[in-house]
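Source file data_7.cif; content: mmCIF, C-alpha atoms.
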```
data_coords
#
loop_
_atom_site.label_atom_id
_atom_site.label_comp_id
_atom_site.auth_asym_id
_atom_site.auth_seq_id
_atom_site.Cartn_x
_atom_site.Cartn_y
_atom_site.Cartn_z
CA MET A 1 -24.88 -15.74 -6.86
CA THR A 2 -21.30 -14.74 -6.23
CA HIS A 3 -19.78 -11.44 -7.30
CA SER A 4 -16.28 -10.76 -8.55
CA PRO A 5 -14.64 -8.21 -6.25
CA ILE A 6 -12.10 -5.59 -7.30
CA ILE A 7 -8.75 -6.58 -5.77
CA LEU A 8 -6.01 -4.15 -4.75
CA GLY A 9 -2.49 -5.31 -3.93
CA VAL A 10 -0.27 -3.27 -1.61
CA VAL A 11 3.24 -4.70 -1.30
CA GLY A 12 6.31 -3.36 0.45
CA ASP A 13 8.94 -4.22 3.01
CA SER A 14 8.19 -4.43 6.71
CA ALA A 15 6.99 -1.06 8.12
CA ALA A 16 6.94 0.59 4.67
CA GLY A 17 3.55 2.16 5.48
CA LYS A 18 1.20 -0.43 3.95
CA THR A 19 -1.37 -0.40 6.75
CA THR A 20 -1.45 3.41 6.97
CA LEU A 21 -2.06 3.66 3.24
CA THR A 22 -4.72 0.94 3.06
CA ARG A 23 -6.60 2.29 6.09
CA GLY A 24 -7.41 5.49 4.20
CA VAL A 25 -8.29 3.65 1.00
CA ALA A 26 -10.71 1.42 2.93
CA GLN A 27 -12.28 4.50 4.49
CA VAL A 28 -12.90 6.11 1.09
CA LEU A 29 -14.37 2.90 -0.35
CA GLY A 30 -16.42 2.35 2.81
CA PRO A 31 -15.37 -0.19 5.47
CA GLU A 32 -18.63 -2.06 4.88
CA ASN A 33 -17.53 -2.62 1.26
CA VAL A 34 -13.95 -3.75 1.94
CA THR A 35 -12.29 -7.00 2.95
CA VAL A 36 -8.67 -6.52 4.09
CA ILE A 37 -6.25 -9.44 4.03
CA CYS A 38 -2.63 -9.47 5.23
CA THR A 39 -0.31 -12.00 3.63
CA ASP A 40 1.68 -12.20 6.89
CA ASP A 41 -1.04 -14.65 7.93
CA TYR A 42 0.35 -17.12 5.42
CA HIS A 43 3.70 -17.60 7.19
CA ARG A 44 4.73 -21.26 7.15
CA TYR A 45 6.49 -21.07 10.53
CA ASP A 46 5.82 -19.22 13.77
CA ARG A 47 8.38 -16.89 15.35
CA LYS A 48 10.05 -19.60 17.47
CA GLN A 49 10.30 -21.99 14.52
CA ARG A 50 11.83 -19.29 12.31
CA ALA A 51 14.52 -18.65 14.91
CA GLU A 52 15.29 -22.37 15.22
CA ILE A 53 15.46 -22.88 11.46
CA GLY A 54 17.33 -19.64 10.81
CA ILE A 55 14.94 -18.27 8.20
CA THR A 56 13.32 -14.84 7.97
CA ALA A 57 9.64 -14.09 7.35
CA LEU A 58 10.66 -12.38 4.08
CA HIS A 59 11.93 -15.57 2.43
CA PRO A 60 9.48 -17.28 0.04
CA ASP A 61 10.24 -20.64 1.68
CA CYS A 62 8.88 -19.23 4.93
CA ASN A 63 5.47 -18.53 3.38
CA HIS A 64 2.68 -20.57 1.83
CA LEU A 65 2.80 -18.78 -1.53
CA ASP A 66 0.76 -21.54 -3.13
CA ILE A 67 -2.09 -21.01 -0.67
CA ILE A 68 -1.92 -17.23 -1.13
CA GLN A 69 -2.33 -17.77 -4.86
CA GLN A 70 -5.15 -20.27 -4.35
CA HIS A 71 -7.01 -17.97 -1.96
CA LEU A 72 -6.62 -14.96 -4.28
CA SER A 73 -8.02 -17.05 -7.11
CA LEU A 74 -11.03 -18.01 -5.00
CA LEU A 75 -11.60 -14.44 -3.81
CA SER A 76 -11.36 -13.11 -7.36
CA THR A 77 -14.39 -15.20 -8.30
CA GLY A 78 -16.30 -14.20 -5.18
CA GLN A 79 -15.76 -17.44 -3.26
CA PRO A 80 -15.04 -17.56 0.50
CA ILE A 81 -11.79 -18.74 2.05
CA LEU A 82 -10.65 -20.13 5.40
CA LYS A 83 -7.79 -17.73 6.10
CA PRO A 84 -5.00 -18.48 8.58
CA ILE A 85 -4.15 -15.85 11.20
CA TYR A 86 -0.64 -15.00 12.37
CA ASN A 87 -0.59 -13.13 15.70
CA HIS A 88 2.23 -10.56 15.69
CA SER A 89 1.89 -10.04 19.44
CA THR A 90 2.49 -13.68 20.37
CA GLY A 91 4.42 -14.80 17.29
CA LYS A 92 2.07 -17.79 17.02
CA PHE A 93 -0.93 -18.76 14.90
CA ASP A 94 -4.52 -18.17 16.01
CA PRO A 95 -7.49 -20.21 14.75
CA PRO A 96 -8.30 -19.56 11.07
CA GLU A 97 -11.06 -17.19 10.00
CA TYR A 98 -13.86 -17.79 7.47
CA ILE A 99 -13.97 -14.83 5.08
CA LYS A 100 -16.42 -13.89 2.33
CA PRO A 101 -15.10 -11.24 -0.06
CA LYS A 102 -16.91 -7.92 -0.18
CA LYS A 103 -17.12 -5.55 -3.16
CA PHE A 104 -13.45 -4.59 -2.74
CA VAL A 105 -10.58 -6.71 -1.42
CA ILE A 106 -7.30 -5.17 -0.26
CA VAL A 107 -4.37 -7.56 0.03
CA GLU A 108 -1.34 -6.12 1.82
CA GLY A 109 1.94 -7.72 2.76
CA LEU A 110 5.47 -8.70 1.87
CA LEU A 111 5.22 -11.19 -0.98
CA GLY A 112 1.90 -10.49 -2.68
CA TYR A 113 3.39 -10.32 -6.20
CA SER A 114 5.74 -13.30 -5.90
CA THR A 115 3.86 -15.62 -8.26
CA ARG A 116 2.35 -15.05 -11.68
CA GLY A 117 -0.92 -16.61 -10.59
CA ALA A 118 -1.25 -14.20 -7.67
CA ARG A 119 -0.34 -11.15 -9.78
CA ASP A 120 -3.02 -12.01 -12.31
CA CYS A 121 -5.71 -11.70 -9.62
CA TYR A 122 -5.13 -8.00 -8.90
CA HIS A 123 -6.89 -5.16 -10.68
CA VAL A 124 -4.55 -2.53 -9.18
CA LYS A 125 -1.04 -3.16 -7.87
CA VAL A 126 0.79 -0.71 -5.58
CA TYR A 127 4.34 -0.95 -4.25
CA LEU A 128 5.58 1.15 -1.31
CA ALA A 129 9.21 2.27 -1.51
CA PRO A 130 10.18 4.80 1.19
CA PRO A 131 13.89 5.62 1.68
CA GLU A 132 15.51 2.93 3.80
CA LYS A 133 16.47 5.35 6.58
CA LEU A 134 12.85 6.44 6.90
CA ARG A 135 11.57 2.86 6.84
CA ALA A 136 14.06 1.93 9.58
CA LYS A 137 12.73 4.76 11.73
CA TRP A 138 9.15 3.62 11.18
CA LYS A 139 10.02 -0.01 11.94
CA VAL A 140 11.82 0.84 15.18
CA LYS A 141 8.88 2.95 16.28
CA ARG A 142 6.26 0.32 15.41
CA ASP A 143 8.06 -2.74 16.74
CA THR A 144 9.09 -1.12 20.03
CA MET A 145 5.67 0.43 20.68
CA LYS A 146 3.40 -2.35 19.40
CA ARG A 147 5.37 -5.60 19.31
CA GLY A 148 7.48 -5.48 22.46
CA TYR A 149 10.96 -5.35 20.91
CA THR A 150 13.87 -3.17 22.00
CA GLU A 151 15.43 -0.79 19.47
CA ALA A 152 18.61 -2.90 19.40
CA GLU A 153 16.57 -6.03 18.63
CA VAL A 154 14.75 -4.30 15.77
CA LEU A 155 17.95 -3.00 14.19
CA LYS A 156 19.60 -6.42 14.50
CA GLN A 157 16.55 -8.02 12.89
CA MET A 158 16.66 -5.53 9.99
CA GLU A 159 20.32 -6.31 9.41
CA LYS A 160 19.55 -10.04 9.35
CA ARG A 161 16.69 -9.49 6.89
CA GLU A 162 18.54 -7.20 4.49
CA ALA A 163 19.68 -9.94 2.10
CA ASP A 164 16.12 -11.28 1.78
CA SER A 165 14.71 -7.76 1.36
CA ASP A 166 17.06 -7.21 -1.54
CA ALA A 167 16.49 -10.63 -3.10
CA PHE A 168 12.73 -11.10 -2.66
CA ILE A 169 10.88 -7.93 -1.60
CA ARG A 170 12.32 -5.06 -3.66
CA PRO A 171 12.24 -6.90 -7.02
CA GLN A 172 8.42 -6.97 -6.77
CA ARG A 173 8.48 -3.24 -7.48
CA LYS A 174 8.61 -4.00 -11.21
CA TRP A 175 5.10 -5.49 -11.14
CA ALA A 176 3.42 -2.41 -9.62
CA ASP A 177 1.09 -0.05 -11.50
CA VAL A 178 1.88 2.67 -8.94
CA VAL A 179 5.09 3.01 -6.92
CA VAL A 180 4.61 5.19 -3.85
CA SER A 181 7.62 6.83 -2.19
CA PHE A 182 7.09 9.07 0.81
CA TYR A 183 10.20 11.02 1.76
CA PRO A 184 11.07 13.83 4.21
CA TYR A 185 10.34 17.40 3.12
CA SER A 186 13.70 18.49 4.54
CA SER A 187 17.02 16.75 5.13
CA ASP A 188 15.85 15.94 8.68
CA ILE A 189 14.90 12.25 8.69
CA ASN A 190 12.88 12.86 11.89
CA SER A 191 10.64 15.43 10.25
CA SER A 192 6.94 14.51 10.28
CA GLN A 193 6.44 16.47 7.05
CA LEU A 194 6.60 14.07 4.12
CA ASN A 195 6.44 14.65 0.37
CA VAL A 196 5.27 11.88 -1.93
CA ARG A 197 6.60 10.78 -5.31
CA LEU A 198 4.20 8.64 -7.34
CA LEU A 199 5.52 6.63 -10.30
CA LEU A 200 2.58 5.97 -12.62
CA ARG A 201 3.21 3.08 -14.99
CA PRO A 202 1.13 2.78 -18.19
CA THR A 203 -0.13 -0.65 -17.13
CA ILE A 204 -3.46 0.84 -16.01
CA PRO A 205 -5.24 3.97 -17.36
CA HIS A 206 -4.24 6.83 -15.06
CA PRO A 207 -6.03 10.18 -15.04
CA ASP A 208 -4.58 12.76 -17.46
CA PHE A 209 -2.67 14.72 -14.84
CA LEU A 210 -1.13 16.99 -17.46
CA GLU A 211 -4.61 18.18 -18.40
CA ILE A 212 -5.69 18.25 -14.77
CA LEU A 213 -2.78 20.47 -13.76
CA ASP A 214 -3.42 22.72 -16.79
CA GLN A 215 -7.01 23.15 -15.60
CA GLY A 216 -5.89 24.01 -12.10
CA SER A 217 -4.91 27.37 -10.74
CA PRO A 218 -1.29 28.61 -10.90
CA SER A 219 -1.07 27.99 -7.16
CA PHE A 220 -0.59 24.28 -7.90
CA GLN A 221 3.02 25.02 -8.72
CA PRO A 222 5.41 24.13 -7.26
CA ALA A 223 3.54 22.09 -4.58
CA VAL A 224 2.16 19.67 -7.20
CA ARG A 225 4.39 18.68 -10.13
CA LEU A 226 4.21 16.29 -13.06
CA GLY A 227 7.28 14.96 -14.84
CA LEU A 228 8.84 12.05 -16.70
CA ASP A 229 11.44 9.55 -15.49
CA ARG A 230 12.61 5.99 -15.93
CA ASP A 231 12.13 3.28 -13.32
CA MET A 232 13.79 -0.12 -13.62
CA GLY A 233 14.67 0.82 -17.20
CA LYS A 234 11.15 1.78 -18.32
CA PRO A 235 9.57 5.25 -18.79
CA VAL A 236 7.05 6.41 -16.19
CA ASP A 237 5.05 9.52 -15.39
CA VAL A 238 5.96 11.05 -12.05
CA LEU A 239 3.50 12.98 -9.88
CA GLU A 240 4.99 14.73 -6.86
CA ILE A 241 3.07 16.40 -4.04
CA ASP A 242 4.93 18.40 -1.41
CA SER A 243 3.98 18.35 2.25
CA ASN A 244 3.36 22.11 2.09
CA ALA A 245 0.47 21.59 -0.34
CA THR A 246 -2.61 23.23 1.12
CA LYS A 247 -6.06 21.77 1.65
CA ALA A 248 -7.40 24.18 -0.98
CA GLN A 249 -4.89 22.93 -3.55
CA VAL A 250 -5.64 19.28 -2.86
CA ASN A 251 -9.41 19.89 -2.88
CA GLU A 252 -9.12 21.64 -6.23
CA LEU A 253 -7.10 18.75 -7.61
CA GLU A 254 -9.53 16.08 -6.42
CA ILE A 255 -12.52 18.00 -7.83
CA ILE A 256 -10.90 18.11 -11.27
CA LEU A 257 -9.81 14.47 -10.90
CA CYS A 258 -13.38 13.30 -10.33
CA LYS A 259 -14.96 15.56 -12.94
CA GLU A 260 -14.47 12.98 -15.69
CA MET A 261 -16.48 10.47 -13.63
CA PRO A 262 -19.18 12.42 -11.76
CA HIS A 263 -20.46 9.38 -9.88
CA LEU A 264 -17.07 9.23 -8.10
CA LYS A 265 -17.70 12.58 -6.45
CA ASP A 266 -19.07 11.05 -3.26
CA PHE A 267 -16.08 8.72 -3.04
CA CYS A 268 -13.08 10.79 -4.09
CA SER A 269 -13.53 13.70 -1.75
CA LEU A 270 -11.58 15.03 1.20
CA GLU A 271 -14.76 16.76 2.31
CA THR A 272 -16.64 13.45 2.42
CA HIS A 273 -13.77 11.67 4.16
CA PRO A 274 -12.00 14.24 6.37
CA ASP A 275 -10.04 11.58 8.27
CA ILE A 276 -8.04 10.29 5.30
CA GLY A 277 -4.45 11.44 5.17
CA LYS A 278 -4.14 11.07 8.93
CA LEU A 279 -0.96 9.61 10.41
CA VAL A 280 0.73 9.47 13.80
CA GLY A 281 3.72 11.79 14.27
CA THR A 282 7.02 10.99 15.93
CA THR A 283 5.73 12.00 19.37
CA GLY A 284 2.36 10.30 19.01
CA GLU A 285 0.40 13.30 17.75
CA LEU A 286 -2.20 12.92 14.99
CA LEU A 287 -1.13 14.73 11.83
CA GLN A 288 -2.82 15.55 8.53
CA SER A 289 -0.81 14.74 5.41
CA TYR A 290 -2.25 15.98 2.13
CA PRO A 291 0.30 14.00 0.07
CA LEU A 292 -0.95 10.87 1.85
CA ALA A 293 -4.59 11.89 1.37
CA LEU A 294 -4.14 12.46 -2.35
CA THR A 295 -2.33 9.13 -2.72
CA GLN A 296 -5.22 7.37 -0.97
CA LEU A 297 -7.73 9.19 -3.19
CA LEU A 298 -5.86 8.25 -6.37
CA ILE A 299 -5.74 4.56 -5.45
CA SER A 300 -9.42 4.64 -4.47
CA TYR A 301 -10.17 6.29 -7.81
CA HIS A 302 -8.55 3.38 -9.62
CA MET A 303 -10.49 0.86 -7.54
CA ILE A 304 -13.84 2.50 -8.20
CA LYS A 305 -13.07 3.00 -11.89
CA ALA A 306 -12.17 -0.68 -12.17
CA THR A 307 -15.74 -1.60 -11.20
CA ASN A 308 -16.82 -0.18 -14.58
CA ILE A 309 -13.88 -1.57 -16.55
CA TYR A 310 -13.99 -5.12 -15.27
CA LEU A 311 -17.56 -5.75 -14.12
#
```
Please express what this file holds, its structure, as structure tokens.
Amino acid sequence: MTHSPIILGVVGDSAAGKTTLTRGVAQVLGPENVTVICTDDYHRYDRKQRAEIGITALHPDCNHLDIIQQHLSLLSTGQPILKPIYNHSTGKFDPPEYIKPKKFVIVEGLLGYSTRGARDCYHVKVYLAPPEKLRAKWKVKRDTMKRGYTEAEVLKQMEKREADSDAFIRPQRKWADVVVSFYPYSSDINSSQLNVRLLLRPTIPHPDFLEILDQGSPSFQPAVRLGLDRDMGKPVDVLEIDSNATKAQVNELEIILCKEMPHLKDFCSLETHPDIGKLVGTTGELLQSYPLALTQLLISYHMIKATNIYL
């Protein structure tokens, strides 16, 4: 018998932090329970062909959106797929991989919400929207350290891609249940200390953070704040966590968060998963970010809760 996995979408522009975010979510859910898929593997052309044609990897015409939709549909009913593999190191395609979906499937990439059929397959949809200056810094760092580009090449590539980012990537924000924006704690763009601003749309049932914060100690303020705003013309709840939030504050918050669903205790816990919230600093050092950890816990909470709602 096949099972129907819970599917999480994580969409954002190149180097927006998708892999860092999903790594922690997969750790909370248990790597043995998670299948991770990157939609970059569904590029229609390799790097050399894109250069010859004059098309960027962000353009829908450069991606097999129909196959992404087909594969998501198969995965959503527990069926296996033969997934292509795009090698970022060589810019070419490797042999495809046979994949059976596990209990949870995380789909990250650039164009995951581009079609209605694909969007209908997700149980939880997240969009990453860091400030562009911060994303540029992250992209330069990643592509120079891991993909062999020079800084000048990366910046030129970003300039070339800007029109497609604006036309095809950013509009997908409107489909997200949660919009995640990490931003510097200070005006220094090079600071490793990042706050997070979470826009919580009423498209899925979020925890009652107003009640949660009321239950918490006064020390929550001002490191953790709840407010109201509008995003793309629609009202949203806004949860903000500052980088100076302490481990004690975050632990208190996650205990209250999981109180309504006691069986989540072993999942939604910084104590159980001490490595979540980890990221690499500007000089290569390993840092602990409680805003990142709480974001990963919240998304994991939604994934685990969906197993009761949908199964």
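Separating CA of His71 in chain A from CA of Phe93 in chain A is a distance of 17.9 Å.
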Checklist outcome for this item: A straight line from CA of Trp138 in chain A to CA of His88 in chain A spans 16.4 Å
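If you look at CA of Gln69 in chain A and CA of Val10 in chain A, they are 15.0 Å away from each other.
Closest approach to Gln193 in chain A among A:Leu253, A:Ile276, A:Leu134, A:Ile169 is made by A:Leu134 (distances from all atoms listed in the file).
In this comparison, which uses all atoms listed in the file, the residue of A:Val36, A:Gly30, A:Lys234, A:Thr19 approaching Ile304 in chain A most closely is A:Gly30.
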Selection: 9 Å around Leu226 in chain A, only C-alpha atoms, excl. self and same-chain fewer than 5 positions, as a JSON list (two decimals) with C-alpha atoms, keeping the file's coordinate frame:
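See part.json below for the written result:
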```json
[["chain", "number", "residue", "atom", "x", "y", "z"],
["A", 209, "PHE", "CA", -2.67, 14.72, -14.84],
["A", 210, "LEU", "CA", -1.13, 16.99, -17.46],
["A", 213, "LEU", "CA", -2.78, 20.47, -13.76],
["A", 237, "ASP", "CA", 5.05, 9.52, -15.39],
["A", 238, "VAL", "CA", 5.96, 11.05, -12.05],
["A", 239, "LEU", "CA", 3.50, 12.98, -9.88],
["A", 240, "GLU", "CA", 4.99, 14.73, -6.86]]
```
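The smallest atom-to-atom distance between Gly91 in chain A and any of A:Arg173, A:His64, A:Arg23, A:Arg50, using all atoms listed in the file, is found for A:Arg50.
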Next on the checklist: When you look at range 109-117 of chain A with a cut-off of 9 Å (counting only C-alpha atoms), what residues show up, excluding the ones that are within fewer than 4 positions of it in the same chain? I need them as a PyMOL selection string.
Outcome noted: chain A and resi 9-14+18-19+37-40+57-60+63+65-66+68-70+72-73+121+125+168-169+172-173+175-176
Near range 196-201 of chain A, within 10 Å and counting all atoms listed in the file, which residues show up once chain neighbours fewer than 6 positions away are dropped, as a compact mmCIF listing (two decimals) with C-alpha atoms, in the coordinates of the input?
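Result file is around_32.txt:
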```txt
# COMPACT_ATOMS: atom_id res chain seq x y z
CA VAL A 126 0.79 -0.71 -5.58
CA TYR A 127 4.34 -0.95 -4.25
CA LEU A 128 5.58 1.15 -1.31
CA ALA A 129 9.21 2.27 -1.51
CA PRO A 130 10.18 4.80 1.19
CA LYS A 174 8.61 -4.00 -11.21
CA TRP A 175 5.10 -5.49 -11.14
CA ALA A 176 3.42 -2.41 -9.62
CA ASP A 177 1.09 -0.05 -11.50
CA VAL A 178 1.88 2.67 -8.94
CA VAL A 179 5.09 3.01 -6.92
CA VAL A 180 4.61 5.19 -3.85
CA SER A 181 7.62 6.83 -2.19
CA PHE A 182 7.09 9.07 0.81
CA TYR A 183 10.20 11.02 1.76
CA PRO A 184 11.07 13.83 4.21
CA TYR A 185 10.34 17.40 3.12
CA PRO A 207 -6.03 10.18 -15.04
CA VAL A 224 2.16 19.67 -7.20
CA ARG A 225 4.39 18.68 -10.13
CA LEU A 226 4.21 16.29 -13.06
CA GLY A 227 7.28 14.96 -14.84
CA LEU A 228 8.84 12.05 -16.70
CA ASP A 229 11.44 9.55 -15.49
CA ARG A 230 12.61 5.99 -15.93
CA ASP A 231 12.13 3.28 -13.32
CA LYS A 234 11.15 1.78 -18.32
CA PRO A 235 9.57 5.25 -18.79
CA VAL A 236 7.05 6.41 -16.19
CA ASP A 237 5.05 9.52 -15.39
CA VAL A 238 5.96 11.05 -12.05
CA LEU A 239 3.50 12.98 -9.88
CA GLU A 240 4.99 14.73 -6.86
CA ILE A 241 3.07 16.40 -4.04
CA ASP A 242 4.93 18.40 -1.41
CA SER A 243 3.98 18.35 2.25
CA SER A 289 -0.81 14.74 5.41
CA TYR A 290 -2.25 15.98 2.13
CA PRO A 291 0.30 14.00 0.07
CA LEU A 292 -0.95 10.87 1.85
CA LEU A 294 -4.14 12.46 -2.35
CA THR A 295 -2.33 9.13 -2.72
```
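Distance check against Lys103 in chain A using all atoms listed in the file: of A:Ile255, A:Met158, A:Ala245, A:Leu8, the minimum falls on A:Leu8.
Remark: for Tyr301 in chain A, the closest of the candidate residues A:Ala118, A:Ile106, A:Val124, A:Met232 is A:Val124 (distances computed over all atoms listed in the file).
If only C-alpha atoms are the atoms counted, then among A:Ile204, A:Glu252, A:Leu75, A:Met303 the closest residue to His3 in chain A is A:Leu75.
Selection by the PyMOL selection byres ((chain A and resi 81) around 6) on the present file picks out Pro80, Leu82, Lys83, Tyr98 and Ile99 of chain A.
Using all atoms listed in the file, the protein and nucleic acid residues lying no more than 12 Å from Glu159 in chain A, apart from those fewer than 6 places from it along its own chain, are Thr56, Glu132, Ala136, Ala152, Glu153, Ser165 and Asp166 of chain A.
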